[in-house]
>>> print(open('my_file18.txt').read())   # compact mmCIF, C-alpha atoms and all ligand atoms
# COMPACT_ATOMS: atom_id res chain seq x y z
CA MET A 1 0.00 0.00 0.00
CA LEU A 2 1.17 3.50 -0.77
CA SER A 3 0.68 6.10 1.89
CA LYS A 4 -0.13 8.96 -0.49
CA PRO A 5 -2.08 7.65 -3.44
CA THR A 6 -2.34 11.00 -5.17
CA ASN A 7 1.34 11.82 -4.90
CA ARG A 8 4.09 10.08 -6.75
CA SER A 9 7.65 8.98 -6.80
CA LYS A 10 9.12 10.70 -3.75
CA ASN A 11 6.95 8.65 -1.48
CA ASP A 12 6.39 5.75 -3.84
CA ARG A 13 10.13 5.18 -3.92
CA ASP A 14 10.20 4.66 -0.22
CA ASN A 15 7.20 2.45 -0.15
CA LEU A 16 7.96 0.44 -3.22
CA ALA A 17 11.26 -0.67 -1.90
CA LYS A 18 9.31 -3.45 -0.37
CA LYS A 19 9.23 -0.88 -3.51
CA ARG A 20 22.86 18.92 -27.62
CA LEU A 21 24.98 18.70 -31.65
CA THR A 22 27.47 20.50 -33.85
CA CYS A 23 27.35 18.25 -36.87
CA SER A 24 25.46 15.08 -37.33
CA PHE A 25 28.25 13.82 -39.58
CA LEU A 26 30.67 13.99 -36.64
CA VAL A 27 28.20 12.09 -34.56
CA LEU A 28 27.97 9.35 -37.10
CA LEU A 29 31.75 9.33 -37.44
CA PHE A 30 32.47 9.14 -33.72
CA GLY A 31 29.58 6.85 -33.16
CA ALA A 32 31.04 4.33 -35.55
CA THR A 33 34.44 4.14 -33.86
CA GLY A 34 35.63 3.16 -30.41
CA ALA A 35 35.59 5.19 -27.20
CA VAL A 36 34.92 8.90 -27.72
CA ASP A 37 37.12 11.59 -26.19
CA TRP A 38 34.36 13.60 -24.54
CA THR A 39 36.71 16.44 -23.63
CA SER A 40 37.60 17.34 -27.23
CA LYS A 41 34.95 19.61 -28.67
CA PRO A 42 34.95 20.87 -32.26
CA GLU A 43 36.62 24.31 -32.45
CA SER A 44 33.43 26.01 -33.62
CA GLU A 45 31.80 24.88 -30.38
CA ILE A 46 34.62 26.17 -28.15
CA ALA A 47 34.60 29.55 -29.94
CA ARG A 48 30.90 29.96 -29.21
CA GLY A 49 31.60 29.45 -25.52
CA ASP A 50 28.83 30.67 -23.29
CA GLN A 51 26.20 30.29 -25.94
CA PHE A 52 25.66 26.83 -24.50
CA GLU A 53 24.15 27.93 -21.24
CA ARG A 54 22.17 24.83 -20.56
CA ARG A 55 24.13 21.79 -19.57
CA VAL A 56 23.02 18.41 -18.33
CA ALA A 57 24.81 15.30 -17.16
CA ILE A 58 23.00 12.03 -17.86
CA THR A 59 23.03 9.37 -15.16
CA VAL A 60 21.59 5.90 -15.66
CA ASP A 61 20.64 3.81 -12.64
CA ASP A 62 20.14 0.13 -11.96
CA LEU A 63 22.66 -1.38 -14.41
CA PRO A 64 22.67 -3.99 -15.83
CA GLY A 65 18.97 -3.23 -16.15
CA ALA A 66 15.73 -2.51 -14.32
CA ILE A 67 12.99 -4.87 -15.41
CA PRO A 68 9.37 -3.72 -15.35
CA ALA A 69 7.24 -4.29 -12.23
CA ARG A 70 10.16 -5.84 -10.33
CA PRO A 71 13.08 -3.48 -11.01
CA THR A 72 15.35 -4.96 -8.36
CA ALA A 73 14.91 -8.51 -9.69
CA ASN A 74 17.72 -9.97 -11.77
CA GLY A 75 15.64 -10.10 -14.94
CA GLU A 76 15.99 -12.12 -18.12
CA LEU A 77 19.40 -11.85 -19.78
CA ARG A 78 17.87 -11.31 -23.26
CA GLU A 79 15.83 -8.39 -21.96
CA LEU A 80 18.86 -6.81 -20.29
CA GLU A 81 20.90 -7.29 -23.46
CA ARG A 82 18.32 -5.25 -25.39
CA TYR A 83 18.54 -2.30 -22.96
CA ASN A 84 22.33 -2.35 -22.91
CA GLU A 85 22.63 -2.61 -26.70
CA ALA A 86 20.35 0.37 -27.21
CA ILE A 87 21.04 2.87 -24.42
CA PRO A 88 24.87 3.22 -24.57
CA ALA A 89 24.71 3.36 -28.40
CA ILE A 90 22.12 6.17 -28.33
CA LEU A 91 24.10 8.13 -25.72
CA LYS A 92 27.22 7.75 -27.82
CA ALA A 93 25.45 8.84 -31.01
CA HIS A 94 24.40 12.05 -29.21
CA ARG A 95 27.90 12.47 -27.76
CA ALA A 96 26.34 12.46 -24.32
CA PRO A 97 28.76 11.44 -21.58
CA ALA A 98 26.97 9.28 -19.01
CA THR A 99 27.54 7.63 -15.67
CA GLY A 100 25.91 4.27 -15.03
CA PHE A 101 25.18 3.08 -11.52
CA VAL A 102 25.44 -0.65 -10.91
CA ASN A 103 23.64 -3.13 -8.70
CA GLU A 104 26.07 -6.06 -8.78
CA LYS A 105 23.51 -8.49 -7.37
CA LYS A 106 22.03 -8.67 -10.87
CA LEU A 107 25.32 -10.08 -12.21
CA HIS A 108 25.18 -13.20 -10.10
CA VAL A 109 22.90 -15.50 -12.01
CA ALA A 110 24.21 -19.04 -12.44
CA GLY A 111 25.49 -19.70 -15.93
CA GLU A 112 25.12 -16.03 -16.96
CA ARG A 113 27.79 -14.21 -14.93
CA ASP A 114 30.17 -13.59 -17.83
CA ALA A 115 27.33 -12.47 -20.12
CA ARG A 116 26.00 -10.09 -17.48
CA VAL A 117 29.44 -8.65 -16.68
CA ALA A 118 29.87 -8.14 -20.45
CA LEU A 119 26.87 -5.78 -20.32
CA LEU A 120 28.78 -3.51 -17.94
CA GLN A 121 31.91 -3.79 -20.10
CA LYS A 122 29.91 -2.32 -23.01
CA TRP A 123 29.48 0.90 -21.03
CA ILE A 124 33.20 1.10 -20.21
CA ASP A 125 34.18 0.29 -23.81
CA ALA A 126 31.91 3.12 -25.00
CA GLY A 127 33.85 5.53 -22.74
CA PHE A 128 31.25 5.86 -19.99
CA GLU A 129 31.87 5.88 -16.27
CA LEU A 130 30.36 3.42 -13.81
CA GLY A 131 29.51 4.00 -10.17
CA ASN A 132 28.19 2.11 -7.14
CA HIS A 133 24.43 1.89 -6.49
CA THR A 134 24.84 -0.75 -3.74
CA TYR A 135 24.87 -4.50 -4.33
CA ALA A 136 21.18 -5.18 -3.84
CA HIS A 137 19.58 -1.74 -4.19
CA VAL A 138 18.97 -1.48 -0.44
CA ASN A 139 16.74 1.21 0.99
CA PHE A 140 18.49 3.31 3.65
CA ASN A 141 15.10 3.99 5.19
CA GLN A 142 14.85 0.30 6.02
CA VAL A 143 18.40 -0.87 6.79
CA SER A 144 21.09 0.07 9.32
CA VAL A 145 24.23 2.09 8.55
CA ALA A 146 26.25 -1.14 8.89
CA GLU A 147 24.03 -2.86 6.30
CA MET A 148 24.37 0.13 3.94
CA GLU A 149 28.15 0.00 4.32
CA ASP A 150 28.30 -3.76 3.75
CA ASP A 151 26.07 -3.53 0.68
CA THR A 152 28.21 -0.72 -0.73
CA ILE A 153 31.43 -2.72 -0.30
CA ARG A 154 29.79 -5.84 -1.68
CA GLY A 155 28.55 -3.78 -4.62
CA GLU A 156 31.97 -2.58 -5.80
CA VAL A 157 33.81 -5.87 -6.39
CA VAL A 158 33.17 -6.47 -10.11
CA THR A 159 32.68 -2.83 -11.17
CA ARG A 160 35.90 -1.76 -9.52
CA SER A 161 37.93 -4.51 -11.19
CA LEU A 162 36.42 -3.73 -14.62
CA LEU A 163 37.19 -0.04 -14.18
CA MET A 164 40.69 -0.79 -12.89
CA ALA A 165 41.42 -2.88 -16.00
CA ALA A 166 40.41 0.21 -18.03
CA GLY A 167 42.72 2.38 -15.89
CA LYS A 168 39.88 4.16 -14.14
CA PRO A 169 38.85 4.44 -10.48
CA GLU A 170 35.31 3.97 -9.20
CA ARG A 171 34.40 7.41 -7.88
CA TYR A 172 30.67 7.91 -7.61
CA PHE A 173 27.93 6.55 -5.40
CA ARG A 174 24.21 6.91 -6.03
CA TYR A 175 21.75 6.31 -3.20
CA PRO A 176 19.03 3.76 -4.09
CA TYR A 177 15.63 5.48 -3.96
CA LEU A 178 17.66 8.68 -3.37
CA ALA A 179 17.25 7.75 0.29
CA THR A 180 20.14 9.47 2.08
CA GLY A 181 19.26 8.36 5.60
CA PRO A 182 16.21 8.86 7.79
CA THR A 183 18.03 10.59 10.66
CA GLN A 184 20.80 13.17 10.76
CA GLU A 185 23.12 10.84 12.64
CA ARG A 186 22.68 7.94 10.22
CA LYS A 187 22.99 10.28 7.26
CA GLU A 188 26.22 11.83 8.53
CA THR A 189 27.74 8.49 9.56
CA PHE A 190 27.19 6.99 6.12
CA GLU A 191 28.41 10.17 4.38
CA ALA A 192 31.67 9.87 6.35
CA PHE A 193 31.92 6.20 5.30
CA LEU A 194 31.46 7.12 1.61
CA LYS A 195 34.16 9.77 1.89
CA SER A 196 36.59 7.41 3.64
CA ARG A 197 36.08 4.90 0.81
CA GLY A 198 36.80 7.49 -1.86
CA TYR A 199 33.24 7.94 -3.09
CA ARG A 200 31.49 11.14 -4.02
CA ASN A 201 27.74 11.24 -3.87
CA ALA A 202 26.17 11.66 -7.31
CA PRO A 203 23.28 14.05 -6.70
CA VAL A 204 20.20 14.23 -8.92
CA THR A 205 18.54 17.52 -9.79
CA VAL A 206 16.04 16.42 -12.44
CA ASP A 207 14.22 13.53 -10.90
CA ASN A 208 12.32 11.18 -13.16
CA ALA A 209 9.38 8.82 -12.91
CA ASP A 210 10.48 6.72 -15.90
CA TYR A 211 9.96 3.57 -13.86
CA MET A 212 6.23 4.27 -13.69
CA PHE A 213 5.90 4.80 -17.45
CA ASN A 214 8.14 1.76 -17.94
CA ASP A 215 5.76 -0.57 -16.12
CA VAL A 216 2.78 0.78 -18.06
CA LEU A 217 4.62 0.44 -21.40
CA HIS A 218 5.62 -3.11 -20.63
CA GLU A 219 2.06 -4.08 -19.82
CA ALA A 220 0.74 -2.39 -22.98
CA LEU A 221 3.26 -4.32 -25.09
CA ALA A 222 2.43 -7.58 -23.32
CA GLN A 223 -1.23 -6.97 -24.19
CA LYS A 224 -0.25 -6.06 -27.78
CA ASP A 225 -1.89 -2.66 -27.30
CA ALA A 226 0.24 -0.61 -29.70
CA LYS A 227 -1.89 2.51 -29.26
CA LEU A 228 -1.46 2.51 -25.47
CA ALA A 229 2.26 1.80 -25.86
CA GLU A 230 2.67 4.83 -28.14
CA GLN A 231 0.61 7.03 -25.81
CA THR A 232 2.75 5.95 -22.84
CA LYS A 233 5.98 6.79 -24.64
CA ARG A 234 4.60 10.14 -25.87
CA GLU A 235 3.42 11.17 -22.41
CA TYR A 236 6.73 10.04 -20.89
CA LEU A 237 8.64 12.38 -23.23
CA GLN A 238 6.24 15.22 -22.37
CA PHE A 239 6.70 14.52 -18.67
CA VAL A 240 10.50 14.67 -18.90
CA GLN A 241 10.19 18.12 -20.51
CA THR A 242 7.80 19.23 -17.77
CA GLU A 243 10.33 18.06 -15.17
CA PHE A 244 13.16 19.98 -16.86
CA ALA A 245 11.03 23.14 -17.06
CA TYR A 246 10.21 22.82 -13.35
CA PHE A 247 13.78 22.30 -12.16
CA GLU A 248 15.18 24.99 -14.48
CA GLU A 249 12.84 27.46 -12.76
CA ALA A 250 13.52 25.96 -9.31
CA ALA A 251 17.29 26.45 -9.82
CA LYS A 252 16.72 30.05 -10.94
CA LYS A 253 14.68 30.77 -7.82
CA LEU A 254 17.34 29.26 -5.57
CA PHE A 255 20.58 30.41 -7.24
CA GLY A 256 19.40 33.32 -9.41
CA ARG A 257 20.48 31.37 -12.52
CA GLU A 258 20.13 28.03 -14.19
CA ILE A 259 22.65 25.43 -13.14
CA PRO A 260 24.04 22.38 -14.94
CA GLN A 261 21.41 19.73 -14.27
CA VAL A 262 21.94 16.08 -13.37
CA PHE A 263 19.24 13.90 -14.94
CA LEU A 264 18.27 10.53 -13.50
CA MET A 265 16.97 7.79 -15.76
CA HIS A 266 17.00 4.02 -15.53
CA ASP A 267 18.56 1.31 -17.65
CA ASN A 268 15.17 0.06 -18.79
CA GLN A 269 12.86 -0.67 -21.68
CA ILE A 270 11.15 2.69 -22.09
CA ASN A 271 14.49 4.49 -22.30
CA SER A 272 15.83 1.90 -24.74
CA GLU A 273 12.86 2.85 -26.97
CA THR A 274 12.65 6.62 -26.40
CA LEU A 275 16.14 7.85 -25.45
CA ASP A 276 17.08 9.00 -28.97
CA GLU A 277 14.00 11.24 -29.08
CA LEU A 278 14.42 12.29 -25.44
CA LEU A 279 18.01 13.47 -26.00
CA GLY A 280 16.90 15.24 -29.19
CA LEU A 281 14.22 17.10 -27.23
CA LEU A 282 16.79 18.18 -24.63
CA GLN A 283 19.05 19.43 -27.42
CA LYS A 284 16.14 21.45 -28.83
CA ARG A 285 15.73 22.87 -25.33
CA GLY A 286 19.29 24.18 -25.64
CA TYR A 287 21.05 21.52 -23.62
CA GLN A 288 24.62 20.46 -24.14
CA PHE A 289 25.53 17.11 -22.66
CA VAL A 290 28.36 17.21 -20.16
CA SER A 291 30.04 14.73 -17.84
CA LEU A 292 28.98 14.39 -14.24
CA ASP A 293 32.40 15.83 -13.30
CA GLU A 294 31.71 18.96 -15.33
CA ALA A 295 28.23 19.44 -13.92
CA LEU A 296 29.39 18.96 -10.32
CA ALA A 297 32.24 21.46 -10.82
CA ASP A 298 29.58 24.19 -10.79
CA SER A 299 29.57 26.08 -7.49
CA ALA A 300 25.89 25.20 -6.88
CA TYR A 301 26.95 21.64 -6.13
CA ALA A 302 29.09 22.81 -3.21
CA THR A 303 25.84 23.67 -1.42
CA PRO A 304 25.42 21.36 1.59
CA ASP A 305 22.49 18.93 1.58
CA ARG A 306 20.83 19.63 4.91
CA PHE A 307 17.63 17.73 4.19
CA VAL A 308 16.92 14.85 6.57
CA GLY A 309 13.98 12.55 5.85
CA THR A 310 12.80 9.44 4.07
CA ALA A 311 11.74 11.09 0.79
CA GLY A 312 13.91 10.47 -2.29
CA ILE A 313 13.96 13.98 -3.73
CA SER A 314 15.92 16.28 -6.07
CA TRP A 315 19.00 17.97 -4.62
CA ILE A 316 17.44 21.30 -5.63
CA GLU A 317 14.71 20.55 -3.09
CA ARG A 318 17.33 19.50 -0.50
CA TRP A 319 19.43 22.64 -1.00
CA ARG A 320 16.41 24.78 -0.13
CA VAL A 321 16.90 23.66 3.49
CA PHE A 322 20.43 25.12 3.55
CA PHE A 323 18.97 28.44 2.40
CA GLY A 324 16.46 28.39 5.26
CA GLN A 325 13.53 27.28 3.10
CA LYS A 326 11.29 24.24 3.14
CA ALA A 327 12.10 21.25 0.94
CA ASP A 328 8.74 21.80 -0.75
CA TYR A 329 8.83 18.73 -2.98
CA GLU A 330 5.07 18.20 -3.01
CA ARG A 331 4.97 20.75 -5.84
CA ASP A 332 7.24 18.70 -8.12
CA PRO A 333 5.44 17.69 -11.31
CA ASP A 334 3.69 14.32 -11.23
CA PRO A 335 3.14 11.97 -14.16
CA PRO A 336 -0.43 11.91 -15.55
CA GLU A 337 -2.91 10.49 -13.04
CA TRP A 338 -3.75 7.51 -15.28
CA VAL A 339 -0.08 6.50 -15.38
CA MET A 340 0.29 6.66 -11.60
CA LYS A 341 -2.93 4.69 -11.11
CA ARG A 342 -1.97 1.93 -13.54
CA PHE A 343 1.55 1.83 -12.08
CA ARG A 344 0.22 1.23 -8.58
CA GLU A 345 -2.05 -1.53 -9.82
CA ILE A 346 0.84 -3.26 -11.61
CA ARG A 347 3.20 -2.99 -8.62
CA GLY A 348 0.47 -4.05 -6.23
CA ALA A 349 -0.23 -7.17 -8.27
CA ALA A 350 3.52 -7.95 -8.52
CA ALA A 351 3.90 -7.61 -4.72
CA ASN A 352 1.06 -10.07 -4.15
CA GLN A 353 2.47 -12.76 -6.42
ZN ZN A 401 18.08 2.58 -8.38
>>> encode(input="my_file18.txt", output="structure tokens", more="lines below")
Ligand SMILES: [Zn+2]
Amino acid sequence: MLSKPTNRSKNDRDNLAKKRLTCSFLVLLFGATGAVDWTSKPESEIARGDQFERRVAITVDDLPGAIPARPTANGELRELERYNEAIPAILKAHRAPATGFVNEKKLHVAGERDARVALLQKWIDAGFELGNHTYAHVNFNQVSVAEMEDDTIRGEVVTRSLLMAAGKPERYFRYPYLATGPTQERKETFEAFLKSRGYRNAPVTVDNADYMFNDVLHEALAQKDAKLAEQTKREYLQFVQTEFAYFEEAAKKLFGREIPQVFLMHDNQINSETLDELLGLLQKRGYQFVSLDEALADSAYATPDRFVGTAGISWIERWRVFFGQKADYERDPDPPEWVMKRFREIRGAAANQ
């Protein structure tokens, strides 16, 4: 049961734990070769400098894939292979640097370990960064600090060795459900642990309810309802734009300017089918894709997160607390009511199976 049936992901996350382009030719060229050097921009782009005011870093959670209805389940290998063929290739075609956050539990399926690890290797080979999202996607609202620490250490074994072989460190951590700890003491203790282990928290500013649309899309496809599937994808793309508009304005209100945004999406079916269009829409909105490093280098990200609570919310909402305001996340845009309703029905049925 969800405590707030009319509200969405911030609370649903907690409960459900139990719930831009210079030349398309260049894109095609780079897209057809090996790893892309994201730091080298065409000269025309450098010369234009500040014209690219809007920047966004793309982050992709739940690698090697979040399956519909049961996103923390290991999933079918074939299904995961589809997501991980499509999503890194689309990101690369748009020259969008990305950071993927891994739940290593999903690698450990008898007879499929090598094939599942190979899915992560695709991301590294494409030049993307990987980070830790805990081993089993544990919810900090429901486990102790010790369990969070254990699950973090357990969740870095394979990813760290893959990155090391590529000459890269594992640097970022993403909180499952964006749950940063229900009390100040637990929050601060785990933050100190992350720091001691060399991790930096990967904040999210543009939250996303792609997992809701994903469940609905999956069901529509299972029922061979092509019209509903198309409607779900269309409304998902509209929702992402509504979210961006909201958090662009929210950043302006808080900092007096737009900031580089960090977008959260999942390694799932709906993104494997819509990401090309989604990134195109962001480019039309004036966004240039930047690395997480570049986004976090903006001074806004030095703002302390003083929010304490169980809600998994945007860092823009959290930063309000530091500025003496309320983390007024109830005003965040929600997906269409019909999507939220159907989502709850699907998850409710899955929980009862
Ligand atoms: Zn996650």
>>> closest_residue(input="my_file18.txt", among="A:Thr134, A:Gln238, A:Ser272, A:Thr99", to="ligand ZN 401 (chain A)", atoms="all atoms listed in the file")
A:Thr134
>>> atom_distance(input="my_file18.txt", atom1="CA of Lys253 in chain A", atom2="CA of Tyr177 in chain A")
25.6 Å
>>> residues_near_ligand(input="my_file18.txt", ligand="ligand ZN 401 (chain A)", cutoff="7 Å", atoms="only C-alpha atoms and all ligand atoms", output="list in words")
Asp61, Asp62, His133, His137, Pro176 and Tyr177 of chain A
>>> closest_residue(input="my_file18.txt", among="A:Leu163, A:Ala57, A:Ala250, A:Ile270", to="Thr232 in chain A", atoms="all atoms listed in the file")
A:Ile270
>>> atom_distance(input="my_file18.txt", atom1="CA of Pro182 in chain A", atom2="CA of Gly309 in chain A")
4.7 Å
>>> atom_distance(input="my_file18.txt", atom1="CA of Glu129 in chain A", atom2="CA of Phe263 in chain A")
15.0 Å
>>> closest_residue(input="my_file18.txt", among="A:Glu79, A:Gln261, A:Asn74, A:Gln121", to="His218 in chain A", atoms="all atoms listed in the file")
A:Glu79
>>> closest_residue(input="my_file18.txt", among="A:Tyr83, A:Phe128, A:Phe140, A:Phe255", to="Thr180 in chain A", atoms="all atoms listed in the file")
A:Phe140
>>> residues_around(input="my_file18.txt", residues="Val308 in chain A", least_positions_apart="6", cutoff="10 Å", atoms="all atoms listed in the file", output="list in words")
Ala179, Thr180, Gly181, Pro182, Thr183, Gln184, Glu185, Arg186, Lys187, Glu188, Arg318, Val321 and Ala327 of chain A
>>> residues_near_point(input="my_file18.txt", point="(36.9, -0.5, -9.2)", cutoff="12 Å", atoms="all atoms listed in the file", output="list in words")
Val102, Ile124, Glu129, Leu130, Gly131, Asn132, Ile153, Arg154, Gly155, Glu156, Val157, Val158, Thr159, Arg160, Ser161, Leu162, Leu163, Met164, Ala165, Ala166, Gly167, Lys168, Pro169, Glu170, Arg171, Tyr172, Arg197, Gly198 and Tyr199 of chain A
>>> decode(input="my_file18.txt", residues="range 166-198 of chain A", atoms="N, CA and C atoms", output="PDB file, in the first residue's frame")
ATOM      1  N   ALA A 166      40.478  -0.862 -17.030  1.00  0.00           N
ATOM      2  CA  ALA A 166      40.409   0.214 -18.032  1.00  0.00           C
ATOM      3  C   ALA A 166      41.205   1.433 -17.566  1.00  0.00           C
ATOM      4  N   GLY A 167      41.905   1.284 -16.421  1.00  0.00           N
ATOM      5  CA  GLY A 167      42.723   2.377 -15.893  1.00  0.00           C
ATOM      6  C   GLY A 167      41.925   3.480 -15.247  1.00  0.00           C
ATOM      7  N   LYS A 168      40.736   3.135 -14.745  1.00  0.00           N
ATOM      8  CA  LYS A 168      39.876   4.161 -14.138  1.00  0.00           C
ATOM      9  C   LYS A 168      39.512   3.771 -12.710  1.00  0.00           C
ATOM     10  N   PRO A 169      39.337   4.741 -11.830  1.00  0.00           N
ATOM     11  CA  PRO A 169      38.853   4.437 -10.476  1.00  0.00           C
ATOM     12  C   PRO A 169      37.318   4.425 -10.443  1.00  0.00           C
ATOM     13  N   GLU A 170      36.748   3.851  -9.395  1.00  0.00           N
ATOM     14  CA  GLU A 170      35.306   3.968  -9.198  1.00  0.00           C
ATOM     15  C   GLU A 170      35.096   5.129  -8.234  1.00  0.00           C
ATOM     16  N   ARG A 171      34.409   6.163  -8.658  1.00  0.00           N
ATOM     17  CA  ARG A 171      34.400   7.406  -7.879  1.00  0.00           C
ATOM     18  C   ARG A 171      33.046   7.822  -7.331  1.00  0.00           C
ATOM     19  N   TYR A 172      31.983   7.367  -7.976  1.00  0.00           N
ATOM     20  CA  TYR A 172      30.674   7.910  -7.610  1.00  0.00           C
ATOM     21  C   TYR A 172      29.765   6.879  -6.958  1.00  0.00           C
ATOM     22  N   PHE A 173      28.948   7.376  -6.056  1.00  0.00           N
ATOM     23  CA  PHE A 173      27.931   6.549  -5.397  1.00  0.00           C
ATOM     24  C   PHE A 173      26.572   7.199  -5.605  1.00  0.00           C
ATOM     25  N   ARG A 174      25.576   6.391  -5.902  1.00  0.00           N
ATOM     26  CA  ARG A 174      24.206   6.909  -6.028  1.00  0.00           C
ATOM     27  C   ARG A 174      23.326   6.170  -5.025  1.00  0.00           C
ATOM     28  N   TYR A 175      22.636   6.907  -4.192  1.00  0.00           N
ATOM     29  CA  TYR A 175      21.745   6.308  -3.203  1.00  0.00           C
ATOM     30  C   TYR A 175      20.530   5.654  -3.873  1.00  0.00           C
ATOM     31  N   PRO A 176      20.282   4.350  -3.609  1.00  0.00           N
ATOM     32  CA  PRO A 176      19.033   3.758  -4.090  1.00  0.00           C
ATOM     33  C   PRO A 176      17.842   4.530  -3.517  1.00  0.00           C
ATOM     34  N   TYR A 177      16.840   4.727  -4.328  1.00  0.00           N
ATOM     35  CA  TYR A 177      15.627   5.484  -3.965  1.00  0.00           C
ATOM     36  C   TYR A 177      15.952   6.929  -3.557  1.00  0.00           C
ATOM     37  N   LEU A 178      17.188   7.354  -3.808  1.00  0.00           N
ATOM     38  CA  LEU A 178      17.661   8.685  -3.366  1.00  0.00           C
ATOM     39  C   LEU A 178      17.425   8.861  -1.868  1.00  0.00           C
ATOM     40  N   ALA A 179      17.468   7.737  -1.166  1.00  0.00           N
ATOM     41  CA  ALA A 179      17.251   7.753   0.294  1.00  0.00           C
ATOM     42  C   ALA A 179      18.597   7.947   0.979  1.00  0.00           C
ATOM     43  N   THR A 180      18.818   9.116   1.535  1.00  0.00           N
ATOM     44  CA  THR A 180      20.140   9.468   2.079  1.00  0.00           C
ATOM     45  C   THR A 180      20.240   9.268   3.582  1.00  0.00           C
ATOM     46  N   GLY A 181      19.222   8.637   4.156  1.00  0.00           N
ATOM     47  CA  GLY A 181      19.257   8.365   5.602  1.00  0.00           C
ATOM     48  C   GLY A 181      18.137   9.063   6.329  1.00  0.00           C
ATOM     49  N   PRO A 182      17.401   8.301   7.158  1.00  0.00           N
ATOM     50  CA  PRO A 182      16.207   8.858   7.794  1.00  0.00           C
ATOM     51  C   PRO A 182      16.495   9.764   8.983  1.00  0.00           C
ATOM     52  N   THR A 183      17.700   9.687   9.546  1.00  0.00           N
ATOM     53  CA  THR A 183      18.034  10.587  10.664  1.00  0.00           C
ATOM     54  C   THR A 183      19.351  11.285  10.351  1.00  0.00           C
ATOM     55  N   GLN A 184      19.568  12.403  11.003  1.00  0.00           N
ATOM     56  CA  GLN A 184      20.797  13.169  10.760  1.00  0.00           C
ATOM     57  C   GLN A 184      22.037  12.347  11.107  1.00  0.00           C
ATOM     58  N   GLU A 185      21.961  11.614  12.209  1.00  0.00           N
ATOM     59  CA  GLU A 185      23.122  10.841  12.642  1.00  0.00           C
ATOM     60  C   GLU A 185      23.462   9.748  11.628  1.00  0.00           C
ATOM     61  N   ARG A 186      22.431   9.015  11.184  1.00  0.00           N
ATOM     62  CA  ARG A 186      22.679   7.937  10.223  1.00  0.00           C
ATOM     63  C   ARG A 186      23.151   8.511   8.893  1.00  0.00           C
ATOM     64  N   LYS A 187      22.588   9.634   8.505  1.00  0.00           N
ATOM     65  CA  LYS A 187      22.992  10.279   7.261  1.00  0.00           C
ATOM     66  C   LYS A 187      24.470  10.676   7.321  1.00  0.00           C
ATOM     67  N   GLU A 188      24.844  11.337   8.401  1.00  0.00           N
ATOM     68  CA  GLU A 188      26.224  11.833   8.527  1.00  0.00           C
ATOM     69  C   GLU A 188      27.226  10.686   8.671  1.00  0.00           C
ATOM     70  N   THR A 189      26.834   9.629   9.384  1.00  0.00           N
ATOM     71  CA  THR A 189      27.740   8.488   9.562  1.00  0.00           C
ATOM     72  C   THR A 189      28.037   7.827   8.217  1.00  0.00           C
ATOM     73  N   PHE A 190      26.982   7.631   7.428  1.00  0.00           N
ATOM     74  CA  PHE A 190      27.192   6.987   6.123  1.00  0.00           C
ATOM     75  C   PHE A 190      27.935   7.912   5.158  1.00  0.00           C
ATOM     76  N   GLU A 191      27.676   9.212   5.230  1.00  0.00           N
ATOM     77  CA  GLU A 191      28.411  10.171   4.379  1.00  0.00           C
ATOM     78  C   GLU A 191      29.911  10.103   4.673  1.00  0.00           C
ATOM     79  N   ALA A 192      30.251   9.971   5.952  1.00  0.00           N
ATOM     80  CA  ALA A 192      31.667   9.865   6.350  1.00  0.00           C
ATOM     81  C   ALA A 192      32.270   8.569   5.809  1.00  0.00           C
ATOM     82  N   PHE A 193      31.469   7.485   5.850  1.00  0.00           N
ATOM     83  CA  PHE A 193      31.922   6.201   5.296  1.00  0.00           C
ATOM     84  C   PHE A 193      32.219   6.343   3.800  1.00  0.00           C
ATOM     85  N   LEU A 194      31.280   6.953   3.066  1.00  0.00           N
ATOM     86  CA  LEU A 194      31.461   7.119   1.613  1.00  0.00           C
ATOM     87  C   LEU A 194      32.746   7.886   1.325  1.00  0.00           C
ATOM     88  N   LYS A 195      32.964   8.938   2.086  1.00  0.00           N
ATOM     89  CA  LYS A 195      34.157   9.773   1.894  1.00  0.00           C
ATOM     90  C   LYS A 195      35.423   8.964   2.167  1.00  0.00           C
ATOM     91  N   SER A 196      35.401   8.200   3.270  1.00  0.00           N
ATOM     92  CA  SER A 196      36.588   7.414   3.643  1.00  0.00           C
ATOM     93  C   SER A 196      36.895   6.367   2.584  1.00  0.00           C
ATOM     94  N   ARG A 197      35.889   5.930   1.832  1.00  0.00           N
ATOM     95  CA  ARG A 197      36.083   4.901   0.815  1.00  0.00           C
ATOM     96  C   ARG A 197      36.328   5.513  -0.560  1.00  0.00           C
ATOM     97  N   GLY A 198      36.441   6.817  -0.617  1.00  0.00           N
ATOM     98  CA  GLY A 198      36.796   7.492  -1.864  1.00  0.00           C
ATOM     99  C   GLY A 198      35.634   7.792  -2.782  1.00  0.00           C
TER     100      GLY A 198
END
